[in-house]
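Quick look at work.cif (mmCIF, C-alpha atoms):
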```
data_run
#
loop_
_atom_site.label_atom_id
_atom_site.label_comp_id
_atom_site.auth_asym_id
_atom_site.auth_seq_id
_atom_site.Cartn_x
_atom_site.Cartn_y
_atom_site.Cartn_z
CA MET A 584 10.64 5.06 10.67
CA ARG A 585 8.39 6.06 7.81
CA VAL A 586 4.95 4.44 7.57
CA VAL A 587 3.80 3.78 4.01
CA SER A 588 0.41 2.37 3.13
CA VAL A 589 -0.35 0.31 0.02
CA SER A 590 -4.09 -0.22 -0.43
CA GLY A 591 -6.18 -1.86 -3.11
CA ALA A 592 -8.40 -4.76 -4.03
CA TRP A 593 -7.38 -8.37 -3.56
CA GLY A 594 -4.99 -9.32 -6.36
CA SER A 595 -4.15 -5.74 -7.31
CA GLY A 596 -0.46 -6.33 -6.66
CA LYS A 597 0.04 -4.87 -3.19
CA THR A 598 2.38 -7.63 -2.05
CA SER A 599 4.32 -7.59 -5.32
CA LEU A 600 4.83 -3.84 -5.06
CA ILE A 601 5.89 -4.00 -1.41
CA CYS A 602 8.37 -6.79 -2.20
CA GLU A 603 9.80 -4.79 -5.07
CA LEU A 604 10.13 -1.65 -2.94
CA THR A 605 11.62 -3.61 -0.05
CA ALA A 606 14.21 -5.18 -2.33
CA ARG A 607 15.17 -1.81 -3.84
CA LEU A 608 15.39 -0.16 -0.45
CA HIS A 609 17.45 -3.03 0.94
CA THR A 610 20.04 -2.62 -1.83
CA ILE A 611 20.63 0.97 -0.70
CA GLY A 612 20.92 0.03 2.95
CA ASN A 613 17.39 0.64 4.22
CA SER A 614 15.56 -1.80 6.48
CA ALA A 615 11.85 -2.52 6.20
CA ALA A 616 8.92 -4.15 7.95
CA VAL A 617 5.42 -5.05 6.82
CA ILE A 618 2.11 -5.26 8.62
CA VAL A 619 -0.18 -7.32 6.44
CA ASN A 620 -3.79 -8.34 6.90
CA GLU A 621 -4.37 -12.08 7.24
CA GLN A 622 -5.99 -12.21 3.81
CA GLY A 623 -2.96 -10.59 2.20
CA ASP A 624 -2.50 -10.94 -1.54
CA ALA A 625 0.11 -13.61 -1.00
CA VAL A 626 2.16 -15.06 1.80
CA TYR A 627 5.53 -13.37 2.03
CA ASP A 628 8.10 -15.90 0.97
CA GLN A 629 10.46 -17.02 3.74
CA THR A 630 13.47 -16.94 1.46
CA PHE A 631 12.65 -13.37 0.49
CA ILE A 632 12.10 -12.38 4.13
CA GLN A 633 15.47 -13.74 5.18
CA ALA A 634 17.34 -12.35 2.18
CA HIS A 635 16.04 -8.85 2.81
CA GLU A 636 15.91 -9.00 6.63
CA LEU A 637 12.24 -8.13 6.45
CA GLN A 638 10.10 -8.04 9.60
CA VAL A 639 6.56 -9.27 8.85
CA ARG A 640 3.57 -9.02 11.17
CA THR A 641 0.02 -10.14 10.49
CA ILE A 642 -3.09 -8.35 11.64
CA ARG A 643 -6.32 -10.31 11.78
CA GLY A 644 -9.14 -8.86 9.72
CA GLY A 645 -7.39 -5.57 9.14
CA MET B 830 -11.82 -0.51 10.65
CA GLY B 831 -13.03 -1.38 14.13
CA CYS B 832 -11.57 -0.22 17.43
CA SER B 833 -9.89 -3.53 18.23
CA LEU B 834 -8.27 -3.68 14.79
CA ALA B 835 -7.11 -0.10 15.08
CA SER B 836 -5.67 -0.87 18.50
CA SER B 837 -3.89 -3.97 17.17
CA LEU B 838 -2.38 -1.97 14.33
CA VAL B 839 -1.10 0.68 16.72
CA ASP B 840 0.37 -2.00 19.01
CA LEU B 841 2.18 -3.66 16.10
CA LYS B 842 3.62 -0.33 15.01
CA LYS B 843 4.91 0.32 18.51
CA GLU B 844 6.43 -3.14 18.78
CA LEU B 845 8.22 -2.81 15.44
CA LYS B 846 9.44 0.69 16.22
CA ARG B 847 10.75 -0.20 19.68
CA ASN B 848 12.29 -3.57 18.82
CA HIS B 849 13.48 -3.09 15.24
CA ASN B 850 13.01 0.56 14.24
CA PRO B 851 12.97 -0.15 10.47
CA ASP B 852 13.57 2.69 8.06
CA PHE B 853 10.27 1.86 6.37
CA LEU B 854 7.11 0.21 7.65
CA PHE B 855 4.68 -0.88 4.94
CA ILE B 856 1.05 -1.43 5.80
CA GLU B 857 -0.93 -3.75 3.55
CA PRO B 858 -4.52 -3.44 4.78
CA SER B 859 -7.62 -5.44 3.94
CA GLU B 860 -9.16 -4.61 0.58
CA MET B 861 -12.21 -3.16 2.36
CA VAL B 862 -10.39 -0.35 4.21
CA VAL B 863 -10.69 3.18 2.84
CA THR B 864 -7.80 5.63 2.91
CA GLN B 865 -9.22 8.14 5.39
CA GLU B 866 -9.74 5.37 7.97
CA LEU B 867 -6.17 4.30 7.46
CA ARG B 868 -4.89 7.87 7.82
CA ASP B 869 -6.75 8.25 11.12
CA VAL B 870 -5.45 4.95 12.51
CA THR B 871 -1.92 5.61 11.29
CA ALA B 872 -1.85 8.91 13.15
CA MET B 873 -3.05 7.32 16.41
CA GLY B 874 0.34 5.84 17.27
CA LEU B 875 1.92 9.31 17.26
CA ARG B 876 0.65 9.80 20.79
CA ASP B 877 3.21 7.33 22.04
CA ILE B 878 6.04 7.04 19.49
CA HIS B 879 7.48 9.16 16.71
CA TYR B 880 7.42 8.21 13.04
CA ASP B 881 6.85 9.83 9.68
CA ILE B 882 3.65 9.18 7.77
CA GLY B 883 3.04 8.62 4.09
CA PRO B 884 2.72 8.29 1.26
CA PHE B 885 -0.64 6.57 1.12
CA ILE B 886 -0.64 4.61 -2.11
CA THR B 887 -3.75 3.09 -3.67
CA LEU B 888 -3.52 0.44 -6.36
CA VAL B 889 -6.40 0.21 -8.81
CA ASP B 890 -6.31 -3.15 -10.52
CA GLY B 891 -6.35 -2.29 -14.23
CA PRO B 892 -7.77 -5.58 -15.54
CA LEU B 893 -10.42 -5.54 -12.78
CA PHE B 894 -11.43 -1.90 -13.25
CA ASP B 895 -14.81 -2.48 -14.93
CA PHE B 896 -15.94 -4.69 -12.04
CA LEU B 897 -14.63 -2.30 -9.40
CA TRP B 898 -16.24 0.70 -11.08
CA SER B 899 -19.64 -0.95 -11.53
CA GLU B 900 -19.89 -2.95 -8.29
CA ARG B 901 -17.57 -1.31 -5.76
CA ARG B 902 -17.40 2.31 -6.83
CA SER B 903 -17.98 3.69 -3.34
CA LEU B 904 -15.14 1.60 -1.90
CA LEU B 905 -12.88 2.36 -4.85
CA LEU B 906 -13.43 6.11 -4.53
CA GLY B 907 -12.92 5.88 -0.76
CA GLN B 908 -9.50 4.39 -1.41
CA VAL B 909 -8.63 6.75 -4.25
CA LYS B 910 -9.80 10.15 -3.00
CA ASP B 911 -7.52 10.56 0.00
CA ALA B 912 -4.47 8.80 -1.44
CA ASP B 913 -1.22 10.64 -2.13
CA LEU B 914 -0.59 8.46 -5.15
CA VAL B 915 -2.98 6.31 -7.19
CA ALA B 916 -1.47 3.70 -9.47
CA VAL B 917 -3.34 1.72 -12.09
CA SER B 918 -1.65 -1.60 -11.44
CA ARG B 919 -1.02 -4.51 -13.80
CA ALA B 920 -1.14 -1.86 -16.52
CA ASP B 921 0.78 -4.14 -18.87
CA ALA B 922 -2.21 -6.50 -18.86
CA ILE B 923 -4.74 -4.09 -20.38
CA GLU B 924 -5.10 -2.40 -23.76
CA ALA B 925 -4.17 1.24 -24.26
CA GLY B 926 -7.81 2.11 -24.92
CA GLU B 927 -8.86 0.58 -21.61
CA LEU B 928 -6.15 2.52 -19.83
CA ILE B 929 -7.48 5.78 -21.25
CA LYS B 930 -10.95 4.86 -20.00
CA VAL B 931 -9.63 4.19 -16.51
CA ARG B 932 -7.74 7.47 -16.48
CA GLN B 933 -10.80 9.41 -17.63
CA ALA B 934 -12.91 7.87 -14.88
CA LEU B 935 -10.43 8.40 -12.04
CA ASP B 936 -8.46 11.48 -12.93
CA ARG B 937 -10.80 13.97 -11.25
CA TYR B 938 -10.59 12.09 -7.93
CA CYS B 939 -6.81 11.70 -7.78
CA SER B 940 -4.11 14.10 -6.71
CA LYS B 941 -1.61 12.01 -8.67
CA LEU B 942 -2.44 9.15 -11.04
CA ILE B 943 0.15 6.92 -12.68
CA THR B 944 0.27 3.58 -14.44
CA LEU B 945 2.22 0.78 -12.77
CA SER B 946 3.52 -2.61 -13.74
CA VAL B 947 5.86 -4.32 -11.31
CA ARG B 948 6.55 -6.88 -14.02
CA SER B 949 7.69 -4.39 -16.68
CA GLY B 950 8.94 -1.74 -14.27
CA ASP B 951 6.60 0.94 -15.59
CA GLY B 952 5.90 3.53 -12.89
CA LEU B 953 8.20 2.03 -10.26
CA ALA B 954 10.62 4.95 -10.30
CA GLU B 955 7.78 7.34 -9.45
CA VAL B 956 6.64 5.13 -6.56
CA VAL B 957 10.18 4.85 -5.20
CA LYS B 958 10.59 8.63 -5.35
CA ARG B 959 7.37 9.11 -3.39
CA VAL B 960 8.25 6.49 -0.79
CA CYS B 961 11.69 8.02 -0.29
CA GLY B 962 10.18 11.49 0.00
CA GLU B 963 11.87 12.81 -3.12
CA ALA B 964 8.69 13.84 -4.98
#
```
Any chance you could put this one into structure tokens?
Amino acid sequence: MRVVSVSGAWGSGKTSLICELTARLHTIGNSAAVIVNEQGDAVYDQTFIQAHELQVRTIRGG
Amino acid sequence: MGCSLASSLVDLKKELKRNHNPDFLFIEPSEMVVTQELRDVTAMGLRDIHYDIGPFITLVDGPLFDFLWSERRSLLLGQVKDADLVAVSRADAIEAGELIKVRQALDRYCSKLITLSVRSGDGLAEVVKRVCGEA
């Protein structure tokens, strides 16, 4: 497991970038998970989560 | 980042590692966390489980740069200085002249600075290379 951090201001595109990376990694056979703060840029879409077998966890205030 | 939050983050990492062991675990922290704090907390779980760390990527919102630089410079620099890769995000939404200004302001603080647009694909290859440990 490799831990990768994506930081930045609200609305800077953290979720979009993580989704894009997750999708690209999934196409080459890699699994992924996300720990997102409760005020994350956007809610991870359930369809996307299922399609890419993504594990998502929320951390309060982090 | 407080002790309880740090502890929660470590617990979540352990749970994911033990139950799912994904190839990649992305952490999307609050906008108020600086990179050194995150590095310290990320390393804490190594006492109990094994994983690889990094890269630490910081996104600097291109269209929001003037506000960030004037009102939140300390936070912005705290996120930029210790990052492995800094990406000026939503780069397709700002003028070339603005982009030069952002680069001039940040370049001295960054080990690696790129422009990024998820929408156009600009910079994504560089990010993927870093995440996959190829750069």
Kindly list the centre and edge lengths in Å, rounded to one decimal, for the axis-aligned box that covers all listed atoms of stretch 898-915 of chain B plus 8 Å on each of its six sides, as lines of an AutoDock Vina configuration file.
```
center_x = -10.2
center_y = 3.8
center_z = -5.8
size_x = 35.3
size_y = 29.6
size_z = 27.5
```
(request) Could you list the residues chosen by the PyMOL selection byres ((chain A and resi 634) around 12) in this structure as a ChimeraX atom specification? (result) /A:602,605-606,609-610,614-615,627-633,635-638
(message) So that I can check the surroundings of A:Ile642, please list as a VMD selection string every protein, DNA and RNA residue that reaches within 9 Å of it, counting all atoms listed in the file and ignoring chain neighbours fewer than 6 positions away.
(response) (chain A and resid 618 to 621) or (chain B and resid 834 837 to 838 841 858)
(request) Skip A:Val586 itself and residues of its chain fewer than 6 positions away, then list as a ChimeraX atom specification all residues within 8 Å of it, counting only C-alpha atoms. (result) /B:853-856,871,880-884
(message) Quick check on the file I pasted: which residues fall under the PyMOL selection byres ((chain B and resi 846) around 12)? Write them as a VMD selection string.
(response) (chain A and resid 584 to 586 614 to 617 638) or (chain B and resid 839 to 845 847 to 854 874 to 875 877 to 881)
Include C-alpha atoms and write out the residues we just selected as a tab-separated table (two decimals), in the frame of the given file.
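And here's again_6.tsv as it stands now:
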```
chain	number	residue	atom	x	y	z
A	584	MET	CA	10.64	5.06	10.67
A	585	ARG	CA	8.39	6.06	7.81
A	586	VAL	CA	4.95	4.44	7.57
A	614	SER	CA	15.56	-1.80	6.48
A	615	ALA	CA	11.85	-2.52	6.20
A	616	ALA	CA	8.92	-4.15	7.95
A	617	VAL	CA	5.42	-5.05	6.82
A	638	GLN	CA	10.10	-8.04	9.60
B	839	VAL	CA	-1.10	0.68	16.72
B	840	ASP	CA	0.37	-2.00	19.01
B	841	LEU	CA	2.18	-3.66	16.10
B	842	LYS	CA	3.62	-0.33	15.01
B	843	LYS	CA	4.91	0.32	18.51
B	844	GLU	CA	6.43	-3.14	18.78
B	845	LEU	CA	8.22	-2.81	15.44
B	847	ARG	CA	10.75	-0.20	19.68
B	848	ASN	CA	12.29	-3.57	18.82
B	849	HIS	CA	13.48	-3.09	15.24
B	850	ASN	CA	13.01	0.56	14.24
B	851	PRO	CA	12.97	-0.15	10.47
B	852	ASP	CA	13.57	2.69	8.06
B	853	PHE	CA	10.27	1.86	6.37
B	854	LEU	CA	7.11	0.21	7.65
B	874	GLY	CA	0.34	5.84	17.27
B	875	LEU	CA	1.92	9.31	17.26
B	877	ASP	CA	3.21	7.33	22.04
B	878	ILE	CA	6.04	7.04	19.49
B	879	HIS	CA	7.48	9.16	16.71
B	880	TYR	CA	7.42	8.21	13.04
B	881	ASP	CA	6.85	9.83	9.68
```
Evaluate the PyMOL selection byres ((chain A and resi 596) around 9) against this structure - the residues, as a PDB file with C-alpha atoms, keeping the file's coordinate frame, please.
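Just written: selection19.pdb:
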```pdb
ATOM      1  CA  GLY A 591      -6.180  -1.860  -3.110  1.00  0.00           C
ATOM      2  CA  ALA A 592      -8.400  -4.760  -4.030  1.00  0.00           C
ATOM      3  CA  TRP A 593      -7.380  -8.370  -3.560  1.00  0.00           C
ATOM      4  CA  GLY A 594      -4.990  -9.320  -6.360  1.00  0.00           C
ATOM      5  CA  SER A 595      -4.150  -5.740  -7.310  1.00  0.00           C
ATOM      6  CA  LYS A 597       0.040  -4.870  -3.190  1.00  0.00           C
ATOM      7  CA  THR A 598       2.380  -7.630  -2.050  1.00  0.00           C
ATOM      8  CA  SER A 599       4.320  -7.590  -5.320  1.00  0.00           C
ATOM      9  CA  LEU A 600       4.830  -3.840  -5.060  1.00  0.00           C
ATOM     10  CA  ILE A 601       5.890  -4.000  -1.410  1.00  0.00           C
ATOM     11  CA  ASP A 624      -2.500 -10.940  -1.540  1.00  0.00           C
TER      12      ASP A 624
ATOM     13  CA  LEU B 888      -3.520   0.440  -6.360  1.00  0.00           C
ATOM     14  CA  ASP B 890      -6.310  -3.150 -10.520  1.00  0.00           C
ATOM     15  CA  SER B 918      -1.650  -1.600 -11.440  1.00  0.00           C
ATOM     16  CA  ARG B 919      -1.020  -4.510 -13.800  1.00  0.00           C
ATOM     17  CA  SER B 946       3.520  -2.610 -13.740  1.00  0.00           C
ATOM     18  CA  VAL B 947       5.860  -4.320 -11.310  1.00  0.00           C
TER      19      VAL B 947
END
```
(message) From the options B:Ala835, B:Val863, B:Ala934, B:Val889, which residue's atoms come nearest to B:Leu904, counting all atoms listed in the file?
(response)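 Going through B:Ala835, B:Val863, B:Ala934, B:Val889 one by one, the smallest distance to B:Leu904 is for B:Val863.
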(request) Calculate how many Å separate atom CA of B:Ala954 from atom CA of A:Ser588, rounding to one decimal. (result)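 Between atom CA of B:Ala954 and atom CA of A:Ser588 the gap is 17.1 Å.
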(request) Rounded to one decimal place, report the atom CA of A:Val587-atom CA of B:Glu857 distance in Å. (result) 8.9 Å
(message) Just to confirm, what's the straight-line distance from atom CA of B:Ser903 to atom CA of B:Leu945 in Å (one decimal)?
(response) 22.5 Å
